[in-house]
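Pasting data.cif here (mmCIF, C-alpha atoms):
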```cif
data_input
loop_
_atom_site.group_PDB
_atom_site.id
_atom_site.type_symbol
_atom_site.label_atom_id
_atom_site.label_comp_id
_atom_site.auth_asym_id
_atom_site.auth_seq_id
_atom_site.Cartn_x
_atom_site.Cartn_y
_atom_site.Cartn_z
ATOM 1 C CA MET A 1 128.553 166.572 137.054
ATOM 2 C CA THR A 2 129.312 163.408 135.171
ATOM 3 C CA ASN A 3 129.636 162.902 131.425
ATOM 4 C CA ASN A 4 128.950 159.161 131.208
ATOM 5 C CA LEU A 5 125.177 159.287 131.588
ATOM 6 C CA LEU A 6 123.021 156.587 130.028
ATOM 7 C CA PHE A 7 121.180 157.531 126.844
ATOM 8 C CA ASP A 8 119.504 154.833 124.785
ATOM 9 C CA PHE A 9 117.096 155.481 121.902
ATOM 10 C CA THR A 10 115.614 152.449 120.134
ATOM 11 C CA VAL A 11 112.964 152.356 117.403
ATOM 12 C CA ASP A 12 111.045 149.088 116.978
ATOM 13 C CA LYS A 13 108.902 149.498 113.862
ATOM 14 C CA ALA A 14 107.463 145.986 114.147
ATOM 15 C CA ALA A 15 106.040 146.812 117.600
ATOM 16 C CA LYS A 16 105.309 150.438 116.579
ATOM 17 C CA LYS A 17 107.246 151.590 119.655
ATOM 18 C CA VAL A 18 110.104 153.885 120.547
ATOM 19 C CA PHE A 19 112.071 153.108 123.715
ATOM 20 C CA ILE A 20 114.077 155.898 125.317
ATOM 21 C CA THR A 21 116.154 155.717 128.492
ATOM 22 C CA ARG A 22 118.020 158.803 129.677
ATOM 23 C CA GLU A 23 119.936 159.532 132.868
ATOM 24 C CA PHE A 24 120.415 163.013 134.299
ATOM 25 C CA ASP A 25 122.876 164.151 136.944
ATOM 26 C CA ALA A 26 120.127 165.854 138.935
ATOM 27 C CA GLU A 27 117.697 164.976 141.701
ATOM 28 C CA LEU A 28 114.337 163.488 140.841
ATOM 29 C CA SER A 29 112.248 166.534 141.784
ATOM 30 C CA LEU A 30 114.134 168.772 139.313
ATOM 31 C CA VAL A 31 113.750 166.270 136.475
ATOM 32 C CA TRP A 32 110.072 165.612 137.278
ATOM 33 C CA ASP A 33 109.337 169.360 137.239
ATOM 34 C CA ALA A 34 111.142 169.709 133.903
ATOM 35 C CA PHE A 35 108.684 167.247 132.332
ATOM 36 C CA THR A 36 105.528 168.419 134.114
ATOM 37 C CA LYS A 37 105.604 172.238 134.286
ATOM 38 C CA ALA A 38 104.900 174.256 131.143
ATOM 39 C CA GLU A 39 107.231 177.127 132.002
ATOM 40 C CA ILE A 40 110.133 174.668 132.289
ATOM 41 C CA LEU A 41 109.111 172.442 129.357
ATOM 42 C CA ASP A 42 109.093 175.448 127.044
ATOM 43 C CA GLN A 43 112.727 176.182 127.968
ATOM 44 C CA TRP A 44 114.130 172.883 126.717
ATOM 45 C CA VAL A 45 111.725 170.642 124.797
ATOM 46 C CA ALA A 46 112.111 172.156 121.319
ATOM 47 C CA PRO A 47 115.235 171.256 119.348
ATOM 48 C CA LYS A 48 117.161 174.442 118.540
ATOM 49 C CA PRO A 49 116.613 176.668 116.622
ATOM 50 C CA TRP A 50 112.914 175.827 117.166
ATOM 51 C CA THR A 51 111.127 177.012 120.324
ATOM 52 C CA SER A 52 108.201 175.639 122.286
ATOM 53 C CA LYS A 53 105.084 177.664 123.057
ATOM 54 C CA THR A 54 102.524 176.241 125.493
ATOM 55 C CA LYS A 55 99.077 177.776 125.074
ATOM 56 C CA PHE A 56 97.761 175.977 128.179
ATOM 57 C CA MET A 57 98.662 173.063 130.415
ATOM 58 C CA ASP A 58 96.690 171.312 133.138
ATOM 59 C CA PHE A 59 98.905 168.542 134.532
ATOM 60 C CA ASN A 60 96.149 166.489 136.154
ATOM 61 C CA VAL A 61 94.485 163.218 135.166
ATOM 62 C CA GLY A 62 92.142 164.177 132.308
ATOM 63 C CA GLY A 63 93.975 167.494 131.885
ATOM 64 C CA ARG A 64 95.682 168.614 128.702
ATOM 65 C CA ARG A 65 98.631 170.498 127.306
ATOM 66 C CA PHE A 66 98.181 172.344 124.019
ATOM 67 C CA TYR A 67 101.446 173.581 122.563
ATOM 68 C CA ALA A 68 103.349 174.392 119.397
ATOM 69 C CA MET A 69 106.866 173.840 118.178
ATOM 70 C CA VAL A 70 107.739 177.099 116.431
ATOM 71 C CA SER A 71 110.359 177.375 113.681
ATOM 72 C CA PRO A 72 112.653 180.405 113.378
ATOM 73 C CA GLU A 73 110.442 181.527 110.464
ATOM 74 C CA GLY A 74 107.318 181.360 112.637
ATOM 75 C CA LEU A 75 105.892 178.058 111.335
ATOM 76 C CA GLU A 76 103.853 176.457 114.129
ATOM 77 C CA ARG A 77 103.397 172.692 114.530
ATOM 78 C CA TRP A 78 100.697 172.156 117.145
ATOM 79 C CA ALA A 79 100.059 169.133 119.358
ATOM 80 C CA ILE A 80 97.690 168.110 122.143
ATOM 81 C CA GLN A 81 98.626 165.948 125.104
ATOM 82 C CA LYS A 82 95.968 164.408 127.360
ATOM 83 C CA TYR A 83 97.103 163.064 130.738
ATOM 84 C CA LEU A 84 95.761 159.567 131.410
ATOM 85 C CA SER A 85 97.410 158.732 134.733
ATOM 86 C CA ILE A 86 99.824 160.412 137.129
ATOM 87 C CA SER A 87 101.763 158.845 140.008
ATOM 88 C CA PRO A 88 103.713 161.833 141.376
ATOM 89 C CA LYS A 89 107.454 161.677 140.796
ATOM 90 C CA THR A 90 107.347 158.092 139.505
ATOM 91 C CA ASN A 91 105.168 157.841 136.375
ATOM 92 C CA PHE A 92 102.732 159.555 134.071
ATOM 93 C CA LYS A 93 100.994 158.451 130.899
ATOM 94 C CA MET A 94 99.526 160.581 128.166
ATOM 95 C CA LEU A 95 98.090 160.547 124.694
ATOM 96 C CA ASN A 96 99.817 162.812 122.189
ATOM 97 C CA ALA A 97 98.380 163.890 118.846
ATOM 98 C CA PHE A 98 99.349 166.394 116.205
ATOM 99 C CA ALA A 99 96.727 169.146 115.875
ATOM 100 C CA ASP A 100 95.887 172.331 114.051
ATOM 101 C CA LYS A 101 95.947 175.767 115.711
ATOM 102 C CA ASP A 102 92.275 175.360 116.668
ATOM 103 C CA GLU A 103 92.948 172.189 118.715
ATOM 104 C CA ASN A 104 91.532 169.765 116.145
ATOM 105 C CA PRO A 105 93.600 166.591 116.606
ATOM 106 C CA GLU A 106 95.030 164.489 113.790
ATOM 107 C CA LEU A 107 94.240 160.971 114.888
ATOM 108 C CA PRO A 108 95.555 158.428 115.547
ATOM 109 C CA GLY A 109 98.043 159.713 118.074
ATOM 110 C CA SER A 110 100.573 157.974 120.263
ATOM 111 C CA GLU A 111 100.634 156.806 123.871
ATOM 112 C CA TRP A 112 103.572 157.957 125.985
ATOM 113 C CA ASP A 113 104.540 156.220 129.233
ATOM 114 C CA TYR A 114 107.149 158.029 131.383
ATOM 115 C CA THR A 115 108.812 156.325 134.377
ATOM 116 C CA PHE A 116 111.168 158.198 136.718
ATOM 117 C CA SER A 117 113.605 156.751 139.267
ATOM 118 C CA GLU A 118 116.513 158.134 141.273
ATOM 119 C CA GLN A 119 119.653 156.413 142.493
ATOM 120 C CA ASN A 120 122.808 157.983 143.910
ATOM 121 C CA GLY A 121 121.716 161.496 142.928
ATOM 122 C CA LYS A 122 121.054 160.546 139.300
ATOM 123 C CA THR A 123 117.590 160.423 137.831
ATOM 124 C CA LYS A 124 116.662 157.933 135.122
ATOM 125 C CA VAL A 125 113.748 158.615 132.800
ATOM 126 C CA GLU A 126 112.362 155.716 130.774
ATOM 127 C CA ILE A 127 109.900 156.549 128.017
ATOM 128 C CA ILE A 128 107.910 154.128 125.897
ATOM 129 C CA ILE A 129 106.025 155.617 122.963
ATOM 130 C CA PHE A 130 103.413 153.376 121.345
ATOM 131 C CA ASN A 131 101.998 154.410 117.989
ATOM 132 C CA GLU A 132 98.648 152.921 117.090
ATOM 133 C CA SER A 133 99.529 153.450 113.445
ATOM 134 C CA LEU A 134 102.809 152.536 111.750
ATOM 135 C CA ALA A 135 102.106 155.323 109.237
ATOM 136 C CA ARG A 136 101.953 157.889 112.071
ATOM 137 C CA MET A 137 105.160 156.545 113.569
ATOM 138 C CA GLU A 138 106.896 156.779 110.218
ATOM 139 C CA LYS A 139 105.582 160.356 109.797
ATOM 140 C CA MET A 140 107.094 161.258 113.207
ATOM 141 C CA LEU A 141 110.420 159.747 112.204
ATOM 142 C CA GLU A 142 110.377 161.459 108.791
ATOM 143 C CA MET A 143 109.735 164.807 110.513
ATOM 144 C CA GLY A 144 113.042 164.352 112.361
ATOM 145 C CA PHE A 145 111.699 163.037 115.666
ATOM 146 C CA THR A 146 114.819 160.996 116.496
ATOM 147 C CA GLU A 147 117.274 163.834 115.953
ATOM 148 C CA GLY A 148 114.944 166.400 117.498
ATOM 149 C CA PHE A 149 114.311 164.342 120.624
ATOM 150 C CA LYS A 150 118.030 163.723 121.108
ATOM 151 C CA MET A 151 118.679 167.465 120.782
ATOM 152 C CA SER A 152 115.900 168.176 123.298
ATOM 153 C CA MET A 153 117.543 165.821 125.795
ATOM 154 C CA ILE A 154 120.792 167.786 125.449
ATOM 155 C CA ASN A 155 118.813 171.003 126.034
ATOM 156 C CA LEU A 156 117.308 169.462 129.173
ATOM 157 C CA GLU A 157 120.687 168.259 130.416
ATOM 158 C CA ASN A 158 122.109 171.790 130.006
ATOM 159 C CA HIS A 159 119.071 173.298 131.745
ATOM 160 C CA LEU A 160 119.466 170.885 134.676
ATOM 161 C CA ILE A 161 123.213 171.582 134.938
ATOM 162 C CA THR A 162 122.406 175.282 135.284
ATOM 163 C CA LEU A 163 119.793 174.582 137.995
ATOM 164 C CA VAL A 164 122.109 172.269 139.945
ATOM 165 C CA LEU A 165 124.934 174.819 139.804
ATOM 166 C CA GLN A 166 122.555 177.552 140.989
ATOM 167 C CA GLN A 167 121.507 175.362 143.930
ATOM 168 C CA GLN A 168 125.147 174.691 144.830
ATOM 169 C CA MET A 169 125.926 178.427 144.809
ATOM 170 C CA LYS A 170 123.221 179.163 147.425
#
```
Would you mind writing the file's structure down as structure tokens?
Amino acid sequence: MTNNLLFDFTVDKAAKKVFITREFDAELSLVWDAFTKAEILDQWVAPKPWTSKTKFMDFNVGGRRFYAMVSPEGLERWAIQKYLSISPKTNFKMLNAFADKDENPELPGSEWDYTFSEQNGKTKVEIIIFNESLARMEKMLEMGFTEGFKMSMINLENHLITLVLQQQMK
């Protein structure tokens, strides 16, 4: 395991975009699964002490994930993701929108573009988030998106370290 992994997080308000690049010391298939399987996503995606609760997820083009970030007090912040395109283990794109508990989206949402690549046993994930509305982007940032996303990436790194160590012990 290496400690000098790339992590870049840039907000460009003029373009209404967030650019994230993160390296993981794990093979591509483990990282891909961590982003595309509900049972794994729920283990790392929420910044502690919050948790993630996926009500349903259909990771197929046109499919959706409906989930909540849940506070320690039980407050639920729901969101819907709709998968627009999927190129297995290299890229997927989705729309993301805040929602209420009955799946009514708060539009506009944001477009997320994930690209995955592996080199020398390290996997790089590049994410571009485009917000149609500057107001929505600012709402995300005010809700602590930057800090929360960075904490989630640490959760994922720790989860992957555990998986890699388990594989090595076999």
- [ ] Rank nothing, just name the residue among A:Asn96, A:Gln168, A:Asn4, A:Ser29 nearest to A:Asn131, using only C-alpha atoms.
- [x] A:Asn96
Open item on the list: Excluding A:Glu27 and its own-chain neighbours fewer than 3 positions away, which residues fall within 9 Å of it when counting all atoms listed in the file? Please give them as a PyMOL selection string.
Closed with: chain A and resi 24+30-32+118-123+164
Residues from the last selection, C-alpha atoms, saved as a PDB file, keeping the file's coordinate frame:
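After the write, again.pdb holds the following:
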```
ATOM      1  CA  PHE A  24     120.415 163.013 134.299  1.00  0.00           C
ATOM      2  CA  LEU A  30     114.134 168.772 139.313  1.00  0.00           C
ATOM      3  CA  VAL A  31     113.750 166.270 136.475  1.00  0.00           C
ATOM      4  CA  TRP A  32     110.072 165.612 137.278  1.00  0.00           C
ATOM      5  CA  GLU A 118     116.513 158.134 141.273  1.00  0.00           C
ATOM      6  CA  GLN A 119     119.653 156.413 142.493  1.00  0.00           C
ATOM      7  CA  ASN A 120     122.808 157.983 143.910  1.00  0.00           C
ATOM      8  CA  GLY A 121     121.716 161.496 142.928  1.00  0.00           C
ATOM      9  CA  LYS A 122     121.054 160.546 139.300  1.00  0.00           C
ATOM     10  CA  THR A 123     117.590 160.423 137.831  1.00  0.00           C
ATOM     11  CA  VAL A 164     122.109 172.269 139.945  1.00  0.00           C
TER      12      VAL A 164
END
```
Open item on the list: If we count all atoms listed in the file and set the cut-off at 9 Å, which residues sit around A:Asp58, ignoring sequence neighbours fewer than 4 positions away in its own chain? Please answer as a list in words.
Closed with: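 Listing them by chain and then by number gives Ala38, Gly62, Gly63, Arg64, Arg65 and Tyr83 of chain A.
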Open item on the list: If the PyMOL selection byres ((chain A and resi 17) around 9) were run on this exact file, what residues would it hold? Put them as a ChimeraX atom specification.
Closed with: /A:10-16,18-19,128-131,137
Write the residues of the preceding selection, restricted to C-alpha atoms, as a PDB file, in the frame of the given file.
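Contents of again.pdb, as written:
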```pdb
ATOM      1  CA  THR A  10     115.614 152.449 120.134  1.00  0.00           C
ATOM      2  CA  VAL A  11     112.964 152.356 117.403  1.00  0.00           C
ATOM      3  CA  ASP A  12     111.045 149.088 116.978  1.00  0.00           C
ATOM      4  CA  LYS A  13     108.902 149.498 113.862  1.00  0.00           C
ATOM      5  CA  ALA A  14     107.463 145.986 114.147  1.00  0.00           C
ATOM      6  CA  ALA A  15     106.040 146.812 117.600  1.00  0.00           C
ATOM      7  CA  LYS A  16     105.309 150.438 116.579  1.00  0.00           C
ATOM      8  CA  VAL A  18     110.104 153.885 120.547  1.00  0.00           C
ATOM      9  CA  PHE A  19     112.071 153.108 123.715  1.00  0.00           C
ATOM     10  CA  ILE A 128     107.910 154.128 125.897  1.00  0.00           C
ATOM     11  CA  ILE A 129     106.025 155.617 122.963  1.00  0.00           C
ATOM     12  CA  PHE A 130     103.413 153.376 121.345  1.00  0.00           C
ATOM     13  CA  ASN A 131     101.998 154.410 117.989  1.00  0.00           C
ATOM     14  CA  MET A 137     105.160 156.545 113.569  1.00  0.00           C
TER      15      MET A 137
END
```
Open item on the list: Residues near A:Lys53, anyone? I mean within 12 Å using all atoms listed in the file, not counting same-chain ones fewer than 5 positions away, as a PyMOL selection string.
Closed with: chain A and resi 38-46+65-71+74-79+101
TODO: Please identify all polymer residues within 6 Å of A:Leu95, counting all atoms listed in the file, omitting same-chain residues fewer than 6 positions from it, and present them as a list in words.
DONE: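 Returned residues: Gln81, Lys82, Ser110 and Glu111 of chain A.
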Task: Residue with smallest distance to A:Met143 - pool A:Thr36, A:Phe59, A:Phe98, A:Phe9, counting only C-alpha atoms - done: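 Closest to A:Met143, using only C-alpha atoms: A:Phe98.
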TODO: Please evaluate the PyMOL selection byres ((chain A and resi 144-156) around 8) against the structure above and give the resulting residues as a PyMOL selection string.
DONE: chain A and resi 34+44-48+140-143+157-160
Would you mind exporting the chosen residues as a short mmCIF file (atom, residue, chain, number, x, y, z; two decimals), keeping the file's coordinate frame, restricted to C-alpha atoms?
```cif
data_model
loop_
_atom_site.label_atom_id
_atom_site.label_comp_id
_atom_site.auth_asym_id
_atom_site.auth_seq_id
_atom_site.Cartn_x
_atom_site.Cartn_y
_atom_site.Cartn_z
CA ALA A 34 111.14 169.71 133.90
CA TRP A 44 114.13 172.88 126.72
CA VAL A 45 111.72 170.64 124.80
CA ALA A 46 112.11 172.16 121.32
CA PRO A 47 115.24 171.26 119.35
CA LYS A 48 117.16 174.44 118.54
CA MET A 140 107.09 161.26 113.21
CA LEU A 141 110.42 159.75 112.20
CA GLU A 142 110.38 161.46 108.79
CA MET A 143 109.74 164.81 110.51
CA GLU A 157 120.69 168.26 130.42
CA ASN A 158 122.11 171.79 130.01
CA HIS A 159 119.07 173.30 131.74
CA LEU A 160 119.47 170.88 134.68
#
```
TODO: Quick one: everything within 9 Å of A:Glu23, counting only C-alpha atoms, minus sequence neighbours fewer than 6 positions away in the same chain. Send it as number ranges by chain.
DONE: A: 5-7, 122-126
Task: Straight-line distance linking atom CA of A:Pro105 with atom CA of A:Arg22, stated in Å to one decimal - done: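 Atom-to-atom, atom CA of A:Pro105 to atom CA of A:Arg22, that is 28.8 Å.
From atom CA of A:Tyr114 back to atom CA of A:Lys55, the distance works out to 22.2 Å.
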Task: Separation of atom CA of A:Trp112 from atom CA of A:Met57 in Å - done: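 It comes out at 16.5 Å.
Each of A:Asn60, A:Glu132, A:Gln166, A:Asp100 was checked against A:Leu84 using only C-alpha atoms; the smallest atom-to-atom distance is that of A:Asn60.
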TODO: Select, counting all atoms listed in the file, all protein, DNA and RNA residues no farther than 9 Å from (104.8, 162.8, 136.7) in file coordinates, and express the selection as a ChimeraX atom specification.
DONE: /A:32-33,35-36,59,85-93,114-116
